[in-house]
>>> print(open('model-v8.txt').read())   # compact mmCIF, C-alpha atoms
# COMPACT_ATOMS: atom_id res chain seq x y z
CA VAL A 1 -31.38 -1.68 -54.09
CA ALA A 2 -28.97 -1.16 -56.98
CA LYS A 3 -28.66 2.38 -58.26
CA ILE A 4 -27.25 2.18 -61.77
CA TYR A 5 -25.50 5.02 -63.57
CA ASP A 6 -25.89 3.91 -67.18
CA PRO A 7 -24.95 6.59 -69.73
CA LEU A 8 -27.53 5.06 -72.09
CA PHE A 9 -30.33 6.51 -69.96
CA TYR A 10 -28.89 10.04 -69.66
CA PRO A 11 -30.42 12.60 -72.08
CA ALA A 12 -27.93 13.55 -74.78
CA TYR A 13 -29.65 16.88 -75.43
CA LYS A 14 -30.99 18.34 -72.18
CA ASN A 15 -30.51 22.10 -72.01
CA SER A 16 -29.26 23.10 -75.44
CA SER A 17 -28.66 21.93 -78.97
CA LYS A 18 -25.13 20.92 -77.99
CA ARG A 19 -24.75 17.22 -77.32
CA ASP A 20 -23.95 16.41 -73.68
CA ASP A 21 -21.19 14.01 -72.69
CA VAL A 22 -23.44 11.37 -71.12
CA ILE A 23 -20.51 9.18 -70.03
CA MET A 24 -19.00 12.07 -68.10
CA LYS A 25 -22.37 12.92 -66.52
CA ALA A 26 -22.96 9.33 -65.42
CA ASP A 27 -19.47 9.08 -63.93
CA TYR A 28 -19.96 12.46 -62.22
CA ASP A 29 -23.14 11.26 -60.50
CA TYR A 30 -21.63 7.90 -59.58
CA SER A 31 -18.36 9.22 -58.18
CA ARG A 32 -19.99 11.90 -56.05
CA GLU A 33 -22.64 9.58 -54.64
CA ALA A 34 -20.22 6.75 -53.91
CA ALA A 35 -17.81 9.18 -52.24
CA ALA A 36 -20.59 10.64 -50.08
CA TYR A 37 -21.83 7.26 -48.86
CA ASP A 38 -18.28 6.15 -48.20
CA GLU A 39 -17.60 9.31 -46.18
CA LEU A 40 -20.75 8.75 -44.09
CA ARG A 41 -20.07 5.10 -43.29
CA GLY A 42 -20.74 4.22 -39.67
CA PRO A 43 -23.57 4.97 -37.24
CA LEU A 44 -25.51 7.16 -39.68
CA GLU A 45 -26.11 4.17 -41.97
CA GLY A 46 -29.49 2.57 -41.45
CA THR A 47 -30.78 5.71 -39.71
CA ILE A 48 -30.75 9.06 -41.55
CA ILE A 49 -29.16 7.55 -44.66
CA PRO A 50 -29.54 4.08 -46.20
CA LYS A 51 -27.05 1.37 -45.33
CA TYR A 52 -24.34 1.36 -47.99
CA TYR A 53 -22.93 -1.87 -49.40
CA GLY A 54 -20.32 -0.54 -51.81
CA SER A 55 -19.88 0.31 -55.48
CA TRP A 56 -19.03 -1.68 -58.59
CA THR A 57 -18.30 -1.39 -62.28
CA TYR A 58 -19.60 -4.11 -64.54
CA ASP A 59 -19.38 -4.75 -68.29
CA VAL A 60 -22.41 -4.67 -70.55
CA THR A 61 -22.13 -6.34 -73.94
CA VAL A 62 -23.53 -4.31 -76.82
CA ASP A 63 -24.11 -5.56 -80.36
CA THR A 64 -22.60 -3.19 -82.91
CA PRO A 65 -22.21 -3.37 -86.71
CA SER A 66 -18.60 -4.42 -86.16
CA GLY A 67 -19.50 -7.07 -83.61
CA PRO A 68 -20.09 -7.32 -79.84
CA LYS A 69 -18.37 -4.74 -77.69
CA LYS A 70 -18.28 -4.13 -73.96
CA ARG A 71 -18.92 -0.88 -72.12
CA ALA A 72 -18.48 -0.07 -68.44
CA VAL A 73 -21.50 0.74 -66.26
CA ARG A 74 -21.27 1.86 -62.63
CA LEU A 75 -23.59 1.02 -59.74
CA ILE A 76 -23.90 1.27 -55.99
CA LEU A 77 -25.78 -1.07 -53.63
CA MET A 78 -27.74 0.34 -50.73
CA GLU A 79 -30.52 -0.54 -48.33
CA PHE A 80 -34.11 -0.67 -49.56
CA ILE A 81 -36.16 1.54 -47.26
CA ASP A 82 -39.79 0.47 -47.00
CA GLY A 83 -41.34 3.91 -46.81
CA VAL A 84 -42.69 6.85 -48.78
CA CYS A 85 -41.01 9.81 -50.42
CA ILE A 86 -42.09 13.18 -49.01
CA GLN A 87 -42.78 14.33 -52.57
CA ASP A 88 -45.50 11.67 -52.78
CA LEU A 89 -47.23 12.84 -49.61
CA ASN A 90 -49.92 15.52 -49.68
CA PRO A 91 -49.11 17.79 -46.72
CA ASN A 92 -52.69 19.10 -46.76
CA ASN A 93 -53.86 15.61 -45.79
CA LEU A 94 -51.56 15.51 -42.77
CA THR A 95 -51.97 17.08 -39.35
CA GLU A 96 -49.71 19.90 -38.23
CA GLU A 97 -48.14 17.45 -35.78
CA GLU A 98 -47.29 15.01 -38.56
CA ARG A 99 -45.86 17.69 -40.87
CA SER A 100 -43.78 19.17 -38.07
CA ASN A 101 -42.48 15.75 -36.98
CA ILE A 102 -41.32 15.00 -40.52
CA MET A 103 -39.68 18.38 -41.07
CA VAL A 104 -37.91 18.48 -37.69
CA LYS A 105 -36.38 15.09 -38.40
CA ALA A 106 -35.49 15.99 -42.00
CA ILE A 107 -33.82 19.29 -41.09
CA THR A 108 -31.98 17.64 -38.19
CA ALA A 109 -30.74 14.87 -40.51
CA ALA A 110 -29.52 17.35 -43.12
CA GLY A 111 -27.54 19.20 -40.44
CA VAL A 112 -25.93 16.01 -39.15
CA ILE A 113 -24.89 15.00 -42.66
CA THR A 114 -23.33 18.41 -43.26
CA PHE A 115 -21.47 18.27 -39.95
CA ARG A 116 -20.13 14.83 -40.85
CA GLY A 117 -18.51 16.34 -43.92
CA VAL A 118 -20.97 15.99 -46.81
CA GLN A 119 -22.84 18.91 -48.36
CA HIS A 120 -25.92 17.34 -49.92
CA LYS A 121 -26.73 20.26 -52.27
CA ASP A 122 -30.22 18.98 -53.12
CA PHE A 123 -32.20 18.91 -49.87
CA ALA A 124 -35.74 18.70 -51.26
CA PRO A 125 -38.91 16.56 -50.86
CA ARG A 126 -37.92 14.17 -53.65
CA ASN A 127 -34.81 13.19 -51.70
CA VAL A 128 -36.36 12.50 -48.29
CA LEU A 129 -37.96 9.17 -47.30
CA CYS A 130 -40.25 8.49 -44.33
CA SER A 131 -40.69 5.06 -42.80
CA GLY A 132 -43.13 4.42 -39.95
CA ASN A 133 -45.86 6.29 -38.13
CA LEU A 134 -45.72 9.91 -39.30
CA ARG A 135 -46.45 11.34 -35.87
CA SER A 136 -44.30 8.94 -33.86
CA THR A 137 -40.98 9.89 -32.28
CA ASP A 138 -39.71 6.63 -33.82
CA LEU A 139 -40.47 7.78 -37.36
CA ARG A 140 -37.43 7.18 -39.54
CA VAL A 141 -36.56 10.01 -41.93
CA ALA A 142 -33.70 9.27 -44.34
CA ILE A 143 -32.01 11.44 -46.94
CA ILE A 144 -31.05 9.92 -50.29
CA ASP A 145 -29.58 10.93 -53.68
CA PHE A 146 -26.10 12.30 -53.13
CA ASN A 147 -25.20 12.52 -56.82
CA ILE A 148 -24.45 16.27 -56.73
CA SER A 149 -23.08 16.33 -53.18
CA VAL A 150 -19.66 17.56 -52.11
CA VAL A 151 -17.39 15.75 -49.66
CA THR A 152 -15.76 18.66 -47.86
CA ARG A 153 -12.69 16.66 -46.84
CA LEU A 154 -11.92 15.94 -50.50
CA ALA A 155 -12.97 19.32 -51.88
CA TYR A 156 -11.57 21.62 -49.20
CA GLY A 157 -9.26 19.45 -47.11
CA ARG A 158 -11.39 19.64 -43.97
CA ILE A 159 -14.70 18.69 -42.39
CA PRO A 160 -16.72 20.88 -40.00
CA SER A 161 -16.21 18.53 -37.05
CA ASP A 162 -12.43 19.08 -37.35
CA SER A 163 -12.78 22.63 -36.06
CA HIS A 164 -16.02 22.49 -34.04
CA GLN A 165 -17.30 20.00 -31.50
CA LEU A 166 -20.94 20.88 -32.21
CA PRO A 167 -22.81 21.52 -35.47
CA VAL A 168 -24.43 24.77 -36.56
CA SER A 169 -27.94 25.23 -35.15
CA PRO A 170 -30.78 24.91 -37.67
CA ILE A 171 -31.89 28.32 -36.40
CA ARG A 172 -28.76 29.91 -37.82
CA ARG A 173 -28.61 27.71 -40.91
CA TRP A 174 -32.17 28.46 -42.03
CA ARG A 175 -33.14 31.81 -40.53
CA HIS A 176 -32.28 33.74 -43.72
CA GLU A 177 -33.48 31.14 -46.24
CA ARG A 178 -36.06 28.40 -46.07
CA PRO A 179 -35.52 24.77 -47.06
CA ASP A 180 -37.01 24.10 -50.49
CA PHE A 181 -40.11 22.33 -49.19
CA GLY A 182 -42.84 24.85 -50.01
CA ARG A 183 -45.32 26.66 -47.82
CA GLU A 184 -47.43 23.53 -47.30
CA TRP A 185 -44.71 21.79 -45.27
CA LEU A 186 -43.43 24.70 -43.20
CA PRO A 187 -44.97 27.81 -41.61
CA PRO A 188 -45.87 30.14 -44.49
CA THR A 189 -44.26 33.42 -43.35
CA ARG A 190 -40.69 34.23 -42.40
CA GLU A 191 -41.81 35.32 -38.93
CA LYS A 192 -43.80 32.12 -38.29
CA PHE A 193 -41.00 29.98 -39.69
CA ASN A 194 -38.42 31.58 -37.41
CA GLU A 195 -40.75 31.04 -34.44
CA TRP A 196 -40.99 27.39 -35.45
CA LEU A 197 -37.19 27.11 -35.62
CA TRP A 198 -36.81 28.57 -32.12
CA LYS A 199 -39.54 26.33 -30.77
CA HIS A 200 -37.73 23.16 -31.83
CA TRP A 201 -34.04 24.13 -31.55
CA GLY A 202 -33.83 27.16 -29.31
CA GLY A 203 -31.38 26.55 -26.46
CA SER A 204 -30.55 23.00 -27.59
CA PRO A 205 -27.23 21.79 -26.12
CA LEU A 206 -26.67 19.67 -29.24
CA TYR A 207 -25.70 22.72 -31.33
CA ARG A 208 -23.39 25.69 -31.13
CA PRO A 209 -25.14 28.66 -29.52
CA VAL A 210 -26.84 30.90 -32.06
CA GLY A 211 -24.63 33.93 -32.60
CA TYR A 212 -21.39 32.01 -31.92
CA ALA A 213 -18.51 34.38 -32.72
CA GLY A 214 -17.06 33.83 -36.16
CA GLU A 215 -19.59 31.17 -37.05
CA ASP A 216 -20.27 30.74 -40.73
CA ALA A 217 -23.30 28.55 -41.40
CA LYS A 218 -22.76 28.67 -45.17
CA ALA A 219 -19.27 27.21 -44.87
CA ASP A 220 -20.45 24.42 -42.61
>>> encode(input="model-v8.txt", output="structure tokens")
Amino acid sequence: VAKIYDPLFYPAYKNSSKRDDVIMKADYDYSREAAAYDELRGPLEGTIIPKYYGSWTYDVTVDTPSGPKKRAVRLILMEFIDGVCIQDLNPNNLTEEERSNIMVKAITAAGVITFRGVQHKDFAPRNVLCSGNLRSTDLRVAIIDFNISVVTRLAYGRIPSDSHQLPVSPIRRWRHERPDFGREWLPPTREKFNEWLWKHWGGSPLYRPVGYAGEDAKAD
């Protein structure tokens, strides 16, 4: 799959009467997404993120009143995942087991990506793909669209795994705020949601103990 960041297809007037710099916006999306995929190269590719094949800039010829001119357009190449976007699934048509299986894998994937040094910043149904049997332990859940992400090594000079051997538990990360997936995907009340978090991650040796001294889930 080629994801193309062509300024021609960015809205010039989106939020105000002031004209947006569409070239800057396209380059912003491209540079952040390419940097995120490059940072996550390795065993995560082909699992919780698509395989990444690199980025390119190519020239597009445009006819103008003064003759043909060339403009630069950016793109990245990544794996095509034969699956379905969570946003296109109706959670009311799924069993509780299927919904929980999807959300456990999605939340786990988001935590791994953060621990590997990329803050996604847009963890939402439109950016999560499912491939396979929705209730199977082999279901693949992958996170896409890193165009507003932050690579912590580049932004802050560090990554969480530099200072901690284990990532923050989803219990700590989400106990004060819910992922933006709506009440249909997750238990509807704060109490029920926290019970769900403890059910799936309580006591897991794969994460720092909840209540770890000095732990800051926001920073990680």
>>> atom_distance(input="model-v8.txt", atom1="atom CA of A:Ala12", atom2="atom CA of A:Lys70")
20.2 Å
>>> atom_distance(input="model-v8.txt", atom1="atom CA of A:Phe80", atom2="atom CA of A:Phe115")
24.7 Å
>>> atom_distance(input="model-v8.txt", atom1="atom CA of A:Met103", atom2="atom CA of A:Arg178")
11.8 Å
>>> residues_around(input="model-v8.txt", residues="A:Pro209", least_positions_apart="3", cutoff="12 Å", atoms="all atoms listed in the file", output="PyMOL selection string")
chain A and resi 164-173+198+201-206+212-215
>>> residues_around(input="model-v8.txt", residues="A:Pro50", least_positions_apart="5", cutoff="7 Å", atoms="all atoms listed in the file", output="list in words")
Glu45, Met78, Glu79 and Ala142 of chain A
>>> residues_around(input="model-v8.txt", residues="stretch 183-189 of chain A", least_positions_apart="4", cutoff="7 Å", atoms="all atoms listed in the file", output="NGL selection string")
:A and (91-92 or 99 or 193)
>>> build_atoms(input="model-v8.txt", residues="stretch 179-204 of chain A", atoms="N, CA, C and O atoms", output="PDB file, keeping the file's coordinate frame")
ATOM      1  N   PRO A 179     -35.715  25.988 -46.262  1.00  0.00           N
ATOM      2  CA  PRO A 179     -35.520  24.770 -47.060  1.00  0.00           C
ATOM      3  C   PRO A 179     -36.529  24.736 -48.205  1.00  0.00           C
ATOM      4  O   PRO A 179     -37.630  25.280 -48.090  1.00  0.00           O
ATOM      5  N   ASP A 180     -36.168  24.114 -49.286  1.00  0.00           N
ATOM      6  CA  ASP A 180     -37.010  24.100 -50.490  1.00  0.00           C
ATOM      7  C   ASP A 180     -38.116  23.052 -50.364  1.00  0.00           C
ATOM      8  O   ASP A 180     -38.155  22.076 -51.109  1.00  0.00           O
ATOM      9  N   PHE A 181     -39.032  23.270 -49.421  1.00  0.00           N
ATOM     10  CA  PHE A 181     -40.110  22.330 -49.190  1.00  0.00           C
ATOM     11  C   PHE A 181     -41.498  22.966 -49.367  1.00  0.00           C
ATOM     12  O   PHE A 181     -42.504  22.326 -49.136  1.00  0.00           O
ATOM     13  N   GLY A 182     -41.559  24.202 -49.748  1.00  0.00           N
ATOM     14  CA  GLY A 182     -42.840  24.850 -50.010  1.00  0.00           C
ATOM     15  C   GLY A 182     -43.573  25.269 -48.745  1.00  0.00           C
ATOM     16  O   GLY A 182     -43.270  24.838 -47.635  1.00  0.00           O
ATOM     17  N   ARG A 183     -44.564  26.111 -48.937  1.00  0.00           N
ATOM     18  CA  ARG A 183     -45.320  26.660 -47.820  1.00  0.00           C
ATOM     19  C   ARG A 183     -46.227  25.624 -47.172  1.00  0.00           C
ATOM     20  O   ARG A 183     -46.689  25.825 -46.050  1.00  0.00           O
ATOM     21  N   GLU A 184     -46.526  24.530 -47.872  1.00  0.00           N
ATOM     22  CA  GLU A 184     -47.430  23.530 -47.300  1.00  0.00           C
ATOM     23  C   GLU A 184     -46.754  22.742 -46.183  1.00  0.00           C
ATOM     24  O   GLU A 184     -47.421  22.247 -45.270  1.00  0.00           O
ATOM     25  N   TRP A 185     -45.431  22.604 -46.255  1.00  0.00           N
ATOM     26  CA  TRP A 185     -44.710  21.790 -45.270  1.00  0.00           C
ATOM     27  C   TRP A 185     -44.233  22.583 -44.071  1.00  0.00           C
ATOM     28  O   TRP A 185     -44.053  22.033 -42.984  1.00  0.00           O
ATOM     29  N   LEU A 186     -43.989  23.861 -44.262  1.00  0.00           N
ATOM     30  CA  LEU A 186     -43.430  24.700 -43.200  1.00  0.00           C
ATOM     31  C   LEU A 186     -44.287  25.930 -43.002  1.00  0.00           C
ATOM     32  O   LEU A 186     -45.063  26.302 -43.887  1.00  0.00           O
ATOM     33  N   PRO A 187     -44.198  26.589 -41.836  1.00  0.00           N
ATOM     34  CA  PRO A 187     -44.970  27.810 -41.610  1.00  0.00           C
ATOM     35  C   PRO A 187     -44.796  28.780 -42.771  1.00  0.00           C
ATOM     36  O   PRO A 187     -43.676  28.975 -43.274  1.00  0.00           O
ATOM     37  N   PRO A 188     -45.874  29.413 -43.217  1.00  0.00           N
ATOM     38  CA  PRO A 188     -45.870  30.140 -44.490  1.00  0.00           C
ATOM     39  C   PRO A 188     -45.098  31.458 -44.497  1.00  0.00           C
ATOM     40  O   PRO A 188     -44.638  31.878 -45.547  1.00  0.00           O
ATOM     41  N   THR A 189     -44.949  32.125 -43.361  1.00  0.00           N
ATOM     42  CA  THR A 189     -44.260  33.420 -43.350  1.00  0.00           C
ATOM     43  C   THR A 189     -42.904  33.285 -42.686  1.00  0.00           C
ATOM     44  O   THR A 189     -42.646  32.352 -41.917  1.00  0.00           O
ATOM     45  N   ARG A 190     -42.020  34.230 -43.002  1.00  0.00           N
ATOM     46  CA  ARG A 190     -40.690  34.230 -42.400  1.00  0.00           C
ATOM     47  C   ARG A 190     -40.783  34.302 -40.882  1.00  0.00           C
ATOM     48  O   ARG A 190     -40.086  33.599 -40.159  1.00  0.00           O
ATOM     49  N   GLU A 191     -41.662  35.165 -40.373  1.00  0.00           N
ATOM     50  CA  GLU A 191     -41.810  35.320 -38.930  1.00  0.00           C
ATOM     51  C   GLU A 191     -42.260  34.015 -38.274  1.00  0.00           C
ATOM     52  O   GLU A 191     -41.691  33.588 -37.269  1.00  0.00           O
ATOM     53  N   LYS A 192     -43.282  33.376 -38.854  1.00  0.00           N
ATOM     54  CA  LYS A 192     -43.800  32.120 -38.290  1.00  0.00           C
ATOM     55  C   LYS A 192     -42.760  31.009 -38.403  1.00  0.00           C
ATOM     56  O   LYS A 192     -42.629  30.169 -37.508  1.00  0.00           O
ATOM     57  N   PHE A 193     -42.028  31.004 -39.500  1.00  0.00           N
ATOM     58  CA  PHE A 193     -41.000  29.980 -39.690  1.00  0.00           C
ATOM     59  C   PHE A 193     -39.884  30.129 -38.653  1.00  0.00           C
ATOM     60  O   PHE A 193     -39.424  29.144 -38.067  1.00  0.00           O
ATOM     61  N   ASN A 194     -39.453  31.363 -38.414  1.00  0.00           N
ATOM     62  CA  ASN A 194     -38.420  31.580 -37.410  1.00  0.00           C
ATOM     63  C   ASN A 194     -38.908  31.207 -36.008  1.00  0.00           C
ATOM     64  O   ASN A 194     -38.150  30.662 -35.197  1.00  0.00           O
ATOM     65  N   GLU A 195     -40.181  31.475 -35.716  1.00  0.00           N
ATOM     66  CA  GLU A 195     -40.750  31.040 -34.440  1.00  0.00           C
ATOM     67  C   GLU A 195     -40.712  29.523 -34.330  1.00  0.00           C
ATOM     68  O   GLU A 195     -40.424  28.968 -33.259  1.00  0.00           O
ATOM     69  N   TRP A 196     -41.009  28.859 -35.418  1.00  0.00           N
ATOM     70  CA  TRP A 196     -40.990  27.390 -35.450  1.00  0.00           C
ATOM     71  C   TRP A 196     -39.571  26.869 -35.209  1.00  0.00           C
ATOM     72  O   TRP A 196     -39.370  25.902 -34.467  1.00  0.00           O
ATOM     73  N   LEU A 197     -38.583  27.507 -35.828  1.00  0.00           N
ATOM     74  CA  LEU A 197     -37.190  27.110 -35.620  1.00  0.00           C
ATOM     75  C   LEU A 197     -36.809  27.235 -34.142  1.00  0.00           C
ATOM     76  O   LEU A 197     -36.209  26.327 -33.563  1.00  0.00           O
ATOM     77  N   TRP A 198     -37.144  28.355 -33.519  1.00  0.00           N
ATOM     78  CA  TRP A 198     -36.810  28.570 -32.120  1.00  0.00           C
ATOM     79  C   TRP A 198     -37.550  27.598 -31.208  1.00  0.00           C
ATOM     80  O   TRP A 198     -37.004  27.141 -30.199  1.00  0.00           O
ATOM     81  N   LYS A 199     -38.771  27.265 -31.580  1.00  0.00           N
ATOM     82  CA  LYS A 199     -39.540  26.330 -30.770  1.00  0.00           C
ATOM     83  C   LYS A 199     -38.860  24.974 -30.688  1.00  0.00           C
ATOM     84  O   LYS A 199     -38.831  24.334 -29.619  1.00  0.00           O
ATOM     85  N   HIS A 200     -38.289  24.511 -31.788  1.00  0.00           N
ATOM     86  CA  HIS A 200     -37.730  23.160 -31.830  1.00  0.00           C
ATOM     87  C   HIS A 200     -36.227  23.094 -31.530  1.00  0.00           C
ATOM     88  O   HIS A 200     -35.739  22.043 -31.107  1.00  0.00           O
ATOM     89  N   TRP A 201     -35.484  24.192 -31.749  1.00  0.00           N
ATOM     90  CA  TRP A 201     -34.040  24.130 -31.550  1.00  0.00           C
ATOM     91  C   TRP A 201     -33.479  25.210 -30.641  1.00  0.00           C
ATOM     92  O   TRP A 201     -32.292  25.209 -30.353  1.00  0.00           O
ATOM     93  N   GLY A 202     -34.321  26.097 -30.179  1.00  0.00           N
ATOM     94  CA  GLY A 202     -33.830  27.160 -29.310  1.00  0.00           C
ATOM     95  C   GLY A 202     -33.250  26.610 -28.016  1.00  0.00           C
ATOM     96  O   GLY A 202     -33.891  25.848 -27.300  1.00  0.00           O
ATOM     97  N   GLY A 203     -32.026  26.983 -27.702  1.00  0.00           N
ATOM     98  CA  GLY A 203     -31.380  26.550 -26.460  1.00  0.00           C
ATOM     99  C   GLY A 203     -30.930  25.110 -26.436  1.00  0.00           C
ATOM    100  O   GLY A 203     -30.523  24.603 -25.378  1.00  0.00           O
ATOM    101  N   SER A 204     -30.966  24.410 -27.579  1.00  0.00           N
ATOM    102  CA  SER A 204     -30.550  23.000 -27.590  1.00  0.00           C
ATOM    103  C   SER A 204     -29.055  22.872 -27.327  1.00  0.00           C
ATOM    104  O   SER A 204     -28.241  23.551 -27.970  1.00  0.00           O
TER     105      SER A 204
END
